[in-house]
Structures are given as structure tokens and as C-alpha cells.
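Participant: Structure supplied as model-v1.tsv; contents: TSV, C-alpha atoms.
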chain	number	residue	atom	x	y	z
L	142	MET	CA	0.00	0.00	0.00
L	143	PHE	CA	2.78	2.39	0.95
L	144	LYS	CA	4.67	1.53	-2.22
L	145	LEU	CA	1.57	2.24	-4.29
L	146	ALA	CA	1.03	5.57	-2.55
L	147	GLY	CA	4.65	6.46	-3.20
L	148	LEU	CA	4.30	5.64	-6.85
L	149	THR	CA	1.13	7.69	-7.07
L	150	LEU	CA	2.84	10.65	-5.40
L	151	ALA	CA	5.79	10.32	-7.78
L	152	ALA	CA	3.45	10.23	-10.76
L	153	LEU	CA	1.66	13.34	-9.54
L	154	THR	CA	4.96	15.11	-9.02
L	155	LEU	CA	6.09	14.16	-12.53
L	156	SER	CA	2.76	15.29	-13.94
L	157	ALA	CA	3.04	18.63	-12.20
L	158	ALA	CA	6.59	19.09	-13.48
L	159	ALA	CA	5.45	18.30	-16.99
L	160	HIS	CA	2.77	20.98	-16.86
L	161	ALA	CA	4.52	23.85	-15.17
L	162	ASP	CA	3.72	27.49	-15.77
L	163	VAL	CA	6.53	29.55	-17.26
L	164	ASP	CA	6.88	33.30	-17.45
L	165	LEU	CA	9.13	35.27	-19.76
L	166	LYS	CA	9.83	38.97	-20.00
L	167	LEU	CA	9.80	39.65	-23.75
L	168	GLY	CA	11.12	43.19	-23.52
L	169	SER	CA	9.97	46.68	-24.35
L	170	THR	CA	7.13	47.45	-26.72
L	171	GLU	CA	9.74	48.71	-29.20
L	172	ARG	CA	11.75	45.48	-29.06
L	173	VAL	CA	8.74	43.17	-29.37
L	174	THR	CA	7.27	45.26	-32.20
L	175	ARG	CA	10.37	44.82	-34.36
L	176	LEU	CA	11.07	41.17	-33.46
L	177	PHE	CA	7.49	40.13	-34.27
L	178	ALA	CA	7.31	42.27	-37.45
L	179	TYR	CA	4.28	44.09	-36.00
L	180	PRO	CA	1.90	44.85	-37.58
L	181	ASN	CA	2.25	41.86	-39.90
L	182	ASN	CA	0.06	43.33	-42.63
L	183	CYS	CA	-1.60	46.73	-42.27
L	184	ASN	CA	-2.11	49.05	-45.23
L	185	VAL	CA	-4.76	51.43	-43.85
L	186	ILE	CA	-6.92	48.31	-43.43
L	187	CYS	CA	-5.28	45.58	-41.38
L	188	PHE	CA	-5.54	42.11	-42.94
L	189	ARG	CA	-5.82	40.79	-39.39
L	190	ASN	CA	-6.64	43.56	-36.97
L	191	TRP	CA	-4.58	42.23	-34.07
L	192	THR	CA	-2.94	44.07	-31.22
L	193	LEU	CA	0.74	43.55	-30.52
L	194	GLU	CA	-0.17	41.22	-27.65
L	195	GLN	CA	-2.49	39.17	-29.88
L	196	THR	CA	0.23	38.89	-32.54
L	197	VAL	CA	2.75	37.53	-30.03
L	198	GLU	CA	0.16	35.14	-28.60
L	199	HIS	CA	-0.52	33.87	-32.14
L	200	TYR	CA	3.10	32.87	-32.80
L	201	LEU	CA	3.73	31.47	-29.31
L	202	THR	CA	0.58	29.37	-29.60
L	203	GLN	CA	1.90	27.95	-32.88
L	204	SER	CA	5.08	26.93	-31.05
L	205	VAL	CA	3.44	25.19	-28.11
L	206	GLN	CA	1.10	23.29	-30.43
L	207	ARG	CA	3.93	22.22	-32.72
L	208	ASP	CA	5.80	21.03	-29.66
L	209	GLY	CA	2.85	18.76	-28.91
L	210	TYR	CA	1.38	20.67	-25.97
L	211	SER	CA	-2.15	20.95	-27.35
L	212	ALA	CA	-3.65	21.99	-24.01
L	213	ALA	CA	-1.10	24.75	-23.37
L	214	LYS	CA	-2.33	28.33	-23.00
L	215	VAL	CA	-0.50	31.53	-23.86
L	216	LEU	CA	-1.26	34.96	-22.41
L	217	VAL	CA	0.72	38.08	-23.27
L	218	LYS	CA	0.37	41.24	-21.18
L	219	THR	CA	1.86	44.71	-21.22
L	220	ASP	CA	2.90	46.41	-18.00
L	221	ASN	CA	4.69	49.76	-17.93
L	222	ASP	CA	5.78	49.42	-21.59
L	223	GLN	CA	7.17	45.92	-21.00
L	224	LEU	CA	5.62	42.77	-22.48
L	225	TYR	CA	5.39	39.50	-20.57
L	226	ALA	CA	4.37	36.02	-21.75
L	227	GLU	CA	2.68	33.54	-19.44
L	228	ILE	CA	2.56	29.97	-20.79
L	229	SER	CA	0.75	27.19	-18.93
L	230	GLY	CA	0.76	23.49	-19.71
L	231	VAL	CA	4.41	23.27	-20.79
L	232	PRO	CA	7.52	21.86	-19.07
L	233	GLU	CA	9.67	23.88	-16.73
L	234	GLY	CA	12.35	25.74	-18.66
L	235	TYR	CA	10.25	25.92	-21.82
L	236	GLN	CA	10.89	29.66	-22.04
L	237	LYS	CA	14.64	29.26	-22.50
L	238	PRO	CA	14.74	28.45	-26.25
L	239	LEU	CA	12.22	31.24	-26.88
L	240	ALA	CA	14.43	33.71	-25.02
L	241	ALA	CA	17.39	32.50	-27.09
L	242	LEU	CA	15.45	33.03	-30.33
L	243	LEU	CA	14.57	36.59	-29.38
L	244	ASP	CA	18.17	37.34	-28.36
L	245	ALA	CA	19.28	36.06	-31.77
L	246	GLY	CA	16.57	38.26	-33.27
L	247	ASP	CA	18.27	41.30	-31.77
L	248	LEU	CA	21.37	40.34	-33.78
L	249	ALA	CA	19.23	40.04	-36.92
L	250	TYR	CA	17.77	43.49	-36.28
L	251	THR	CA	21.26	44.94	-35.89
L	252	GLY	CA	22.31	43.39	-39.19
L	253	ALA	CA	19.20	44.61	-40.98
L	254	SER	CA	19.71	48.12	-39.63
L	255	LYS	CA	23.28	48.17	-40.94
L	256	LEU	CA	22.07	46.81	-44.28
L	257	ASN	CA	19.58	49.67	-44.50
L	258	ALA	CA	22.16	52.25	-43.44
L	259	ASP	CA	24.35	51.05	-46.32
L	260	GLY	CA	21.49	51.63	-48.76
L	261	LYS	CA	20.96	47.94	-49.55
L	262	TRP	CA	17.55	47.36	-47.94
L	263	ALA	CA	14.59	47.12	-50.33
L	264	TYR	CA	11.28	48.83	-49.61
L	265	SER	CA	9.39	45.54	-50.10
L	266	TRP	CA	11.39	43.57	-47.51
L	267	TYR	CA	10.38	42.72	-43.92
L	268	LEU	CA	12.58	41.51	-41.07
L	269	PHE	CA	11.02	38.13	-40.23
L	270	LEU	CA	12.35	35.75	-37.62
L	271	PRO	CA	11.45	32.02	-37.65
L	272	LEU	CA	8.57	32.46	-35.21
L	273	GLY	CA	6.08	29.73	-34.39
L	274	MET	CA	8.55	26.85	-34.72
L	275	ALA	CA	8.74	23.92	-32.32
L	276	LEU	CA	10.97	25.16	-29.50
L	277	GLU	CA	11.60	21.97	-27.55
L	278	ASN	CA	10.62	18.84	-29.47
L	279	ARG	CA	12.69	19.51	-32.56
L	280	LYS	CA	13.72	16.54	-34.68
L	281	SER	CA	15.80	18.14	-37.43
L	282	VAL	CA	16.79	21.53	-38.82
L	283	GLU	CA	16.29	22.98	-42.31
L	284	LEU	CA	18.72	25.60	-43.59
L	285	LEU	CA	17.07	27.74	-46.26
L	286	HIS	CA	17.60	30.99	-48.17
L	287	PHE	CA	14.82	33.39	-47.13
L	288	PRO	CA	11.10	33.24	-46.29
L	289	PRO	CA	8.56	34.39	-48.89
L	290	ASP	CA	6.73	37.58	-47.93
L	291	TYR	CA	3.28	36.00	-48.02
L	292	SER	CA	4.21	33.65	-45.17
L	293	LEU	CA	4.25	36.80	-43.04
L	294	THR	CA	1.71	39.14	-44.61
L	295	GLN	CA	-0.96	36.61	-45.54
L	296	ALA	CA	-0.44	33.43	-43.53
L	297	GLN	CA	1.25	34.74	-40.36
L	298	ASP	CA	2.82	31.29	-40.40
L	299	TYR	CA	6.50	30.64	-41.13
L	300	LEU	CA	5.66	27.10	-42.23
L	301	ARG	CA	3.03	28.13	-44.77
L	302	SER	CA	4.61	28.32	-48.22
L	303	ALA	CA	4.75	26.25	-51.37
L	304	THR	CA	8.31	25.31	-50.43
L	305	THR	CA	7.64	24.11	-46.89
L	306	ASP	CA	4.34	22.47	-47.86
L	307	ARG	CA	6.06	20.42	-50.56
L	308	TRP	CA	8.81	19.28	-48.21
L	309	ALA	CA	6.31	18.34	-45.52
L	310	THR	CA	4.61	16.11	-48.10
L	311	LEU	CA	7.93	14.42	-48.87
L	312	LEU	CA	8.43	13.78	-45.16
L	313	THR	CA	5.01	12.12	-44.99
L	314	ASP	CA	5.98	10.03	-48.04
L	315	ASN	CA	8.82	8.81	-45.82
L	316	GLY	CA	6.63	7.77	-42.93
L	317	ILE	CA	6.37	10.91	-40.81
L	318	PRO	CA	2.74	11.58	-39.77
L	319	ALA	CA	1.49	14.87	-41.20
L	320	ASP	CA	0.84	16.36	-37.78
L	321	GLN	CA	4.45	15.68	-36.77
L	322	THR	CA	6.21	17.25	-39.76
L	323	PRO	CA	6.52	20.70	-38.08
L	324	GLY	CA	8.89	19.12	-35.55
L	325	TYR	CA	11.21	18.25	-38.43
L	326	GLN	CA	10.97	21.68	-40.04
L	327	THR	CA	12.77	24.02	-37.68
L	328	ILE	CA	13.95	26.55	-40.25
L	329	ILE	CA	16.95	28.86	-40.23
L	330	ASP	CA	17.06	31.23	-43.20
L	331	ILE	CA	20.47	32.72	-43.88
L	332	ALA	CA	18.64	35.92	-44.80
L	333	PRO	CA	15.92	36.58	-42.16
L	334	ILE	CA	14.07	38.74	-44.67
L	335	ALA	CA	10.55	38.12	-45.92
L	336	ALA	CA	10.73	39.15	-49.55
L	337	PRO	CA	8.92	38.47	-52.83
L	338	SER	CA	9.48	34.87	-53.89
L	339	ASN	CA	11.52	35.93	-56.93
L	340	ALA	CA	13.95	38.04	-54.88
L	341	GLY	CA	16.70	35.42	-54.63
L	342	LYS	CA	19.17	37.33	-56.80
L	343	ASP	CA	18.43	40.61	-54.98
L	344	LEU	CA	19.43	39.02	-51.68
L	345	GLU	CA	22.88	38.01	-52.87
L	346	GLY	CA	25.45	40.01	-50.96
L	347	VAL	CA	23.37	40.51	-47.79
L	348	TYR	CA	24.37	37.35	-45.96
L	349	ASP	CA	27.45	38.76	-44.23
L	350	TYR	CA	25.28	41.34	-42.47
L	351	PHE	CA	23.61	38.47	-40.60
L	352	LYS	CA	26.67	36.39	-39.74
L	353	ASP	CA	26.24	36.80	-35.97
L	354	TYR	CA	22.55	35.92	-36.22
L	355	GLN	CA	23.15	32.92	-38.49
L	356	THR	CA	25.88	31.30	-36.41
L	357	THR	CA	24.02	31.97	-33.15
L	358	MET	CA	20.86	30.34	-34.51
L	359	VAL	CA	22.72	27.29	-35.82
L	360	LYS	CA	24.44	26.91	-32.46
L	361	ASP	CA	21.19	27.35	-30.51
L	362	VAL	CA	19.17	24.76	-32.46
L	363	SER	CA	21.91	22.25	-33.21
L	364	GLN	CA	20.96	20.03	-30.24
L	365	ASN	CA	17.70	18.70	-28.87
L	366	ALA	CA	16.57	19.04	-25.26
L	367	SER	CA	18.64	16.01	-24.20
L	368	GLY	CA	21.79	17.33	-25.87
L	369	ALA	CA	21.85	15.07	-28.96
L	370	ALA	CA	22.97	16.71	-32.21
L	371	LEU	CA	20.13	17.37	-34.63
L	372	PRO	CA	20.54	16.51	-38.33
L	373	MET	CA	20.48	19.45	-40.71
L	374	VAL	CA	19.56	19.72	-44.39
L	375	ALA	CA	21.10	22.53	-46.47
L	376	PHE	CA	18.67	23.45	-49.25
L	377	GLY	CA	19.80	25.14	-52.45
L	378	ALA	CA	23.08	26.49	-53.79
L	379	PRO	CA	23.17	29.76	-51.77
L	380	VAL	CA	22.85	27.83	-48.51
L	381	ARG	CA	25.29	25.11	-49.51
L	382	ASN	CA	27.77	27.82	-50.49
L	383	TRP	CA	27.19	29.50	-47.12
L	384	ILE	CA	28.00	26.25	-45.33
L	385	LYS	CA	31.27	26.09	-47.26
L	386	GLN	CA	32.12	29.69	-46.41
L	387	GLN	CA	31.10	29.57	-42.77
L	388	TYR	CA	32.14	26.06	-41.72
L	389	GLY	CA	34.55	24.98	-44.46
L	390	ALA	CA	32.40	21.97	-45.40
L	391	THR	CA	31.43	21.07	-48.97
L	392	VAL	CA	27.88	19.73	-49.29
L	393	ASN	CA	26.76	18.93	-52.80
L	394	VAL	CA	23.29	17.54	-53.51
L	395	LEU	CA	23.06	14.29	-51.52
L	396	GLY	CA	26.52	15.00	-50.15
L	397	LEU	CA	27.23	14.66	-46.42
L	398	ALA	CA	29.44	16.74	-44.16
L	399	MET	CA	29.97	17.34	-40.45
L	400	ILE	CA	30.04	20.81	-38.95
L	401	SER	CA	30.81	21.91	-35.39
L	402	PRO	CA	28.63	24.92	-34.42
L	403	SER	CA	30.11	24.83	-30.92
L	404	ALA	CA	32.91	23.00	-29.15
L	405	GLY	CA	32.26	19.27	-28.88
L	406	VAL	CA	29.09	19.32	-31.00
L	407	ASN	CA	29.30	17.51	-34.35
L	408	VAL	CA	26.27	17.95	-36.58
L	409	PRO	CA	25.63	15.95	-39.76
L	410	VAL	CA	24.57	18.12	-42.70
L	411	LEU	CA	23.08	16.81	-45.93
L	412	GLY	CA	23.08	18.87	-49.12
L	413	SER	CA	19.81	19.02	-51.03
L	414	ASN	CA	18.11	20.73	-53.92
L	415	HIS	CA	15.98	23.67	-52.96
L	416	PRO	CA	12.44	22.32	-52.44
L	417	SER	CA	11.21	24.62	-55.23
L	418	TYR	CA	13.93	23.64	-57.71
L	419	ILE	CA	11.88	20.80	-59.18
L	420	TRP	CA	9.33	23.23	-60.61
L	421	TYR	CA	12.10	24.86	-62.60
L	422	ALA	CA	13.93	21.67	-63.57
L	423	ALA	CA	10.68	20.03	-64.72
L	424	ASP	CA	9.42	23.05	-66.69
L	425	PRO	CA	9.53	22.38	-70.47
L	426	ALA	CA	10.19	26.10	-70.98
L	427	THR	CA	13.60	25.56	-69.38
L	428	TYR	CA	14.69	23.47	-72.39
L	429	THR	CA	14.91	23.89	-76.15
L	430	GLY	CA	14.05	21.60	-79.04
L	431	GLU	CA	11.12	19.41	-79.96
L	432	ASP	CA	11.92	17.04	-77.10
L	433	ALA	CA	11.71	19.77	-74.43
L	434	GLN	CA	8.89	17.93	-72.67
L	435	ALA	CA	10.88	14.68	-72.54
L	436	LYS	CA	13.92	16.55	-71.21
L	437	ALA	CA	11.77	18.22	-68.56
L	438	ASP	CA	10.26	14.91	-67.48
L	439	ALA	CA	13.68	13.26	-67.27
L	440	ALA	CA	15.11	16.11	-65.20
L	441	GLY	CA	12.06	16.20	-62.96
L	442	LEU	CA	12.25	12.48	-62.28
L	443	LYS	CA	15.90	12.72	-61.26
L	444	VAL	CA	15.25	15.66	-58.97
L	445	MET	CA	12.26	13.85	-57.45
L	446	GLY	CA	14.48	10.88	-56.65
L	447	GLN	CA	17.05	13.15	-55.03
L	448	ASP	CA	14.44	15.05	-53.02
L	449	LEU	CA	12.72	11.90	-51.75
L	450	SER	CA	16.13	10.51	-50.76
L	451	ALA	CA	17.00	13.70	-48.85
L	452	ALA	CA	13.64	13.75	-47.05
L	453	CYS	CA	14.11	10.05	-46.25
L	454	TRP	CA	17.49	10.82	-44.67
L	455	GLN	CA	16.00	13.69	-42.67
L	456	ALA	CA	13.07	11.56	-41.49
L	457	GLY	CA	15.29	8.64	-40.50
L	458	MET	CA	17.93	10.70	-38.74
L	459	GLY	CA	15.31	12.78	-36.95
L	460	SER	CA	13.21	9.89	-35.74
L	461	LYS	CA	16.20	7.80	-34.58
L	462	PRO	CA	18.94	10.04	-33.15
L	463	GLY	CA	22.38	8.46	-33.29
L	464	THR	CA	21.80	6.70	-36.62
L	465	ASP	CA	24.89	6.54	-38.83
L	466	PRO	CA	24.26	9.34	-41.37
L	467	GLN	CA	26.19	7.63	-44.17
L	468	VAL	CA	24.35	4.32	-43.74
L	469	GLN	CA	21.03	6.17	-43.60
L	470	LEU	CA	21.81	8.02	-46.83
L	471	LYS	CA	22.83	4.83	-48.62
L	472	ASN	CA	19.60	3.12	-47.57
L	473	CYS	CA	17.52	6.10	-48.68
L	474	THR	CA	19.09	6.41	-52.12
L	475	GLN	CA	18.73	2.67	-52.60
L	476	THR	CA	15.04	2.92	-51.69
L	477	TRP	CA	13.97	5.86	-53.84
L	478	GLN	CA	16.39	5.64	-56.75
L	479	VAL	CA	16.53	1.85	-57.18
L	480	SER	CA	14.10	-0.44	-55.37
L	481	GLN	CA	11.12	1.94	-55.36
L	482	LYS	CA	11.89	3.96	-58.47
L	483	GLU	CA	8.41	3.29	-59.88
L	484	LYS	CA	6.92	4.89	-56.74
L	485	THR	CA	9.27	7.84	-57.23
L	486	CYS	CA	7.97	8.18	-60.76
L	487	GLU	CA	4.32	8.06	-59.68
L	488	LEU	CA	4.88	10.67	-56.97
L	489	PHE	CA	6.49	12.97	-59.54
L	490	TYR	CA	3.55	12.74	-61.91
L	491	THR	CA	0.92	13.17	-59.19
L	492	SER	CA	2.59	16.02	-57.28
L	493	ILE	CA	4.31	17.94	-60.11
L	494	ARG	CA	2.30	17.04	-63.22
L	495	ASN	CA	-1.01	16.80	-61.31
L	496	LEU	CA	-2.02	13.44	-62.76
L	497	THR	CA	-4.34	11.10	-60.89
L	498	PRO	CA	-2.70	8.05	-59.25
L	499	ASP	CA	-4.04	5.79	-62.01
L	500	GLN	CA	-2.82	8.14	-64.74
L	501	ALA	CA	0.60	8.37	-63.07
L	502	ALA	CA	0.90	4.59	-62.78
L	503	ALA	CA	0.01	4.22	-66.46
L	504	LYS	CA	2.50	6.92	-67.45
L	505	CYS	CA	5.30	5.30	-65.46
L	506	ALA	CA	4.60	1.94	-67.15
L	507	THR	CA	5.25	3.30	-70.67
L	508	PRO	CA	8.54	2.23	-72.30
L	509	PRO	CA	10.00	5.77	-72.66
L	510	ILE	CA	9.51	6.54	-68.95
L	511	LYS	CA	10.63	3.08	-67.80
L	512	SER	CA	13.89	3.59	-69.66
L	513	GLN	CA	14.39	6.93	-67.89
L	514	LEU	CA	13.91	5.32	-64.48
L	515	LYS	CA	17.10	3.34	-65.01
L	516	GLN	CA	18.98	6.65	-64.92
L	517	LEU	CA	17.58	7.95	-61.63
L	518	LYS	CA	20.93	7.63	-59.92
L	519	ALA	CA	22.67	9.71	-62.60
L	520	PRO	CA	23.30	13.38	-61.70
L	521	ALA	CA	20.50	15.77	-62.57
L	522	PRO	CA	21.15	18.00	-65.62
L	523	ALA	CA	23.05	21.15	-64.73
L	524	THR	CA	20.77	24.16	-65.16
L	525	ALA	CA	21.13	27.74	-64.03
L	526	MET	CA	18.40	28.63	-61.56
L	527	PRO	CA	17.60	31.97	-59.92
L	528	ALA	CA	16.85	30.19	-56.63
L	529	PRO	CA	13.15	31.00	-56.20
L	530	HIS	CA	11.66	30.53	-52.76
L	531	LEU	CA	7.95	30.11	-53.46
Is it possible to express this structure as C-alpha cells?

Facilitator:
Amino acid sequence: MFKLAGLTLAALTLSAAAHADVDLKLGSTERVTRLFAYPNNCNVICFRNWTLEQTVEHYLTQSVQRDGYSAAKVLVKTDNDQLYAEISGVPEGYQKPLAALLDAGDLAYTGASKLNADGKWAYSWYLFLPLGMALENRKSVELLHFPPDYSLTQAQDYLRSATTDRWATLLTDNGIPADQTPGYQTIIDIAPIAAPSNAGKDLEGVYDYFKDYQTTMVKDVSQNASGAALPMVAFGAPVRNWIKQQYGATVNVLGLAMISPSAGVNVPVLGSNHPSYIWYAADPATYTGEDAQAKADAAGLKVMGQDLSAACWQAGMGSKPGTDPQVQLKNCTQTWQVSQKEKTCELFYTSIRNLTPDQAAAKCATPPIKSQLKQLKAPAPATAMPAPHL
């Protein structure tokens, strides 16, 4: 009886610890206004007529839900020009990664201010931090170029874009439940600037302004709550080039490297196509000649195989920390580029060409396409791309 009572008491104590209330001083109205890009979209008429407190509550609620704390509650108050967040239903210490994100945001603001002072800031850009991400239960990290402006002005959701939606689908194709994909998509953009989706070229040359922000973010999110290194995926040429410049590691598409964001921490990084690249590679307008459509299909199939392999690696490494990254990559490329190449083909034609599953299966069974599937492991055709982030 006493043992049972002790166990019950221990369970209650654990339960209480798992649902602690945390408080965090967010800072002055001025600081919170700039770090939360407030107001997110007001042009005389506000798209969402939220107060500053409501805006902060919105993003913090996204975080607690993506961490799996569905019953958690967020309340933001202002007292004497200082904002405070009260979060219930989350573990003790939950506020620490949020505080770290905002501190890194101060570095981003400093970089953006210098960029503007040097006359290089565009009128259509917004400083936009990766708000609303999972803060505690992260599984993997995605290194990207910049967020599209509509993720801020329309969606008020960093994970709402054609790019992130497509990659989430690839994660589900690799066995991750749809409601768990946000835990795998903790994003760090090397340019924390919400800009039009075709602004990739315009952002070249701004990255050095955000060096302190970039390296601080990578360091802060490189480990999970228990201290294990989180796998990272570097999407697109600008990001892969940044990895080379910042950490001295070369990461080609489906190439692996190890970086050390802080002493004693070794993080596996996989190079990948940009999630939006396939729409360019598979566009017949990219190619010349009467066989432009065939060239576009062949390129699209190869990119699809690479992208599924990269998402497979990310899913496997994230769901089983400590897995050998090289073995995981070999297994993933074998799966999507060899043993399940017909499935790769069907997913390309359903997701990129918008065919029905039956139409895609029939297309992939035709002799011309079956012959192309034998070449899935060959490198994708080299094409110049302006790095759109849709």
C-alpha cells in the first residue's frame, strides 16, 4: 500500500513538473514590435486587426502546439511598456529556447539596420524571424535561403509556403505523420528577410550582415533538449555555399558533411536541392528543341528521386537520433532511386504534373519513362536557376 502511494505521489509530481507554468519577459514594446514584425500586414486596413499582444500570442501558440502541448495556453500582457508572456501546460524551462530566439533576433535586427544604413535594404522587404517553430521537441533543422513575404503578410505562419508544404509532403511520403512534420521543419534562413518569392538574386550580398545571427541560430538549435545533435539539411546552392564559407564543409546535392557549431558538437549536414527547384527543372520552358517535354520529365524524375532521398534521410535521422548518417543516406538512395523507383515516378507525376494516381501509374509503365527510371541515380542536368523561394 505504501509503495503504491509512493508511486502515485511520484506520478503526480512528474505530472506537475510536466505541466509547469513559465513566465518570460519579452522586452519593451519597441523590441517586441520589431522582433514580431508588427503589424504583420496593415495598409490602412489591417488584414488581421490584431494588437501587438495578440500577434505575439498567435506565434507562441503555434510553437506550443507544434511542440505537442495541445492543451497549453499563452497569455501576453503589457505592464509599464514591457511585455510578458505567461505559458501554462508546458515543461519547466520551456521559455529558454524562446528567449534564445529573441536574443538572436536582436542580432538580426542589428544586421538589418546596418544593411539599411548602407542603402541595400529594399522597400518591399520585412525583417522576419522564424517564429512559431517547435521550440523543444525539434527533430531536425532545415537551412534555407529566405522566407517568402506572403508567409508573413498573408499566412502569419512561417511554415506556410509552397516550399515548406512540398517538403512536408515528402516527409510524410517517408513515414512521418502529417501532424508531426513541423517538428522536423525548424527553419533557419540565412537571410531573415521576408521578400517576394523571386527576390533570390536581390538578396545576394546581404548574408554577411547576418553572420552573428546565423551562427548563433545554428548553435542554438543544433541540439535537442537532451543534448543530442540534430541533423540538418542545407537546401539550395546559396545555402550550400554559405555552409562552405562559414564552416569549411562542402555539401553537394546528396553529399554529407559534419560541422561543429560549438565545441564538442558535431552535426551531420546533408546537401539538397531547394524544395522549389523541381518546378524549374521540370518546366519544359527551361529546355529547347522538340523534345523539351521529354527533357523536362527526365530532369524532374531525377530531382524527385534526389528530393525523396534527402527527405528520407532527414526523417530517418530525426526519428532515430544516433543513426549513422552515411548508412542512412545509402539506404535512402537505394530505396527511392533503385528499389522503389516506380513509386518515385508516380509521386512525380501526381505532385508535379497533377495526374491522378491511375494516370501516373500508367505513365510510369510506358517504355519511354521506364527507360528513364534506369537513370535515376545519374546526376541531374546542370541548369542555371535563380533560386526561387515560393

Participant: Taking (22.9, 26.5, -55.4) as a centre in this file's frame and 10 Å as the limit, can you find every polymer residue with an atom that close, using all atoms listed in the file, and give them as a list in words?

Facilitator: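 Selection result: Ala375, Phe376, Gly377, Ala378, Pro379, Val380, Arg381, Asn382, Trp383, Asn393, Val394, Gly412, Ser413, Asn414, His415, Tyr418, Ala525, Met526, Pro527 and Ala528 of chain L.
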
Participant: Under the rule that only C-alpha atoms are counted, which of L:Leu293, L:Cys505, L:Ala332, L:Leu272 is the nearest residue to L:Ala240?

Facilitator: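 Among the listed residues, L:Leu272 lies closest to L:Ala240.
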
Participant: Considering all atoms listed in the file, return as a ChimeraX atom specification whatever protein or nucleic-acid residues lie within 8 Å of stretch 351-364 of chain L, sequence-local ones (same chain, fewer than 3 positions apart) excluded.

Facilitator: /L:238,241-242,245-246,248-249,252-253,282,329-332,347-348,367-372,402-403,408

Participant: Return the single residue from L:Leu224, L:Ala451, L:Ala178, L:Ser460 that is closest to L:Pro333, with distances computed using all atoms listed in the file.

Facilitator: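 Looking at the shortest contact to L:Pro333, the residue is L:Ala178.
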
Participant: Please measure the separation of atom CA of L:Gln387 and atom CA of L:Asp349, giving the value in Å to one decimal.

Facilitator: 10.0 Å

Participant: List as CSV every residue of stretch 312-366 of chain L that is in contact with stretch 427-450 of chain L, defined as an atom at most 12 Å from one of its atoms (using all atoms listed in the file), together with the nearest atom pair and the distance in Å rounded to one decimal, sorted by chain and then rising number.

Facilitator:
residue,atom,partner,partner_atom,distance
L:Leu312,CA,L:Leu449,CA,8.1
L:Thr313,CA,L:Leu449,CA,10.3
L:Asp314,CA,L:Leu449,CA,7.9
L:Asn315,CA,L:Leu449,CA,7.7
L:Gly316,CA,L:Leu449,CA,11.5

Participant: Can you work out the spacing between atom CA of L:Ala275 and atom CA of L:Gln326 in Å, to one decimal?

Facilitator: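 These two atoms are separated by 8.3 Å.
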
Participant: Kindly give the distance, in Å, that separates atom CA of L:Ile400 and atom CA of L:Cys453, rounded to a single decimal.

Facilitator: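 Calculated distance between atom CA of L:Ile400 and atom CA of L:Cys453 is 20.6 Å.
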
Participant: Could you check the closest approach to L:Tyr250 for each of L:His199, L:Arg207, L:Arg175, L:Lys482 and tell me which residue wins, using all atoms listed in the file?

Facilitator: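 Looking at the shortest contact to L:Tyr250, the residue is L:Arg175.
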
Participant: Which of these, L:Val217, L:Ala423, L:Gln295, L:Ala366, has the shortest distance to L:Tyr235 once you count all atoms listed in the file?

Facilitator: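 Ranking L:Val217, L:Ala423, L:Gln295, L:Ala366 by distance to L:Tyr235, first place goes to L:Ala366.
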
Participant: If we count all atoms listed in the file and set the cut-off at 12 Å, which residues sit around L:Asn221, ignoring sequence neighbours fewer than 2 positions away in its own chain? Please answer as a PyMOL selection string.

Facilitator: chain L and resi 168-170+218-219+223-225

Participant: What lies within 10 Å of L:Leu201 using only C-alpha atoms, ignoring chain neighbours under 5 positions off, as a list in words?

Facilitator: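 The residues satisfying every condition are Gln195, Thr196, Gln206, Arg207, Lys214, Val215, Leu216, Val217, Ala226, Ile228, Leu239, Leu272, Gly273, Met274, Ala275 and Leu276 of chain L.
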
Participant: Could you please take those selected residues and save C-alpha atoms as a short mmCIF file (atom, residue, chain, number, x, y, z; two decimals), in the coordinates of the input?

Facilitator:
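Once written, selection.cif looks like this:
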data_model
loop_
_atom_site.label_atom_id
_atom_site.label_comp_id
_atom_site.auth_asym_id
_atom_site.auth_seq_id
_atom_site.Cartn_x
_atom_site.Cartn_y
_atom_site.Cartn_z
CA GLN L 195 -2.49 39.17 -29.88
CA THR L 196 0.23 38.89 -32.54
CA GLN L 206 1.10 23.29 -30.43
CA ARG L 207 3.93 22.22 -32.72
CA LYS L 214 -2.33 28.33 -23.00
CA VAL L 215 -0.50 31.53 -23.86
CA LEU L 216 -1.26 34.96 -22.41
CA VAL L 217 0.72 38.08 -23.27
CA ALA L 226 4.37 36.02 -21.75
CA ILE L 228 2.56 29.97 -20.79
CA LEU L 239 12.22 31.24 -26.88
CA LEU L 272 8.57 32.46 -35.21
CA GLY L 273 6.08 29.73 -34.39
CA MET L 274 8.55 26.85 -34.72
CA ALA L 275 8.74 23.92 -32.32
CA LEU L 276 10.97 25.16 -29.50
#

Participant: Residues of stretch 341-393 of chain L that approach stretch 259-264 of chain L to 10 Å or less, counting all atoms listed in the file: could you list each one with the shortest pair of atoms and its distance in Å to one decimal, rows by chain and increasing residue number, as a Markdown table?

Facilitator:
| residue | atom | partner | partner_atom | distance |
| --- | --- | --- | --- | --- |
| L:Asp343 | CA | L:Ala263 | CA | 8.9 |
| L:Leu344 | CA | L:Lys261 | CA | 9.3 |
| L:Gly346 | CA | L:Lys261 | CA | 9.2 |
| L:Val347 | CA | L:Lys261 | CA | 8.0 |

Participant: Smallest atom-to-atom distance to L:Pro425: which of L:Ala212, L:Val410, L:Arg494, L:Ala503, using all atoms listed in the file?

Facilitator: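 Nearest to L:Pro425: L:Arg494.
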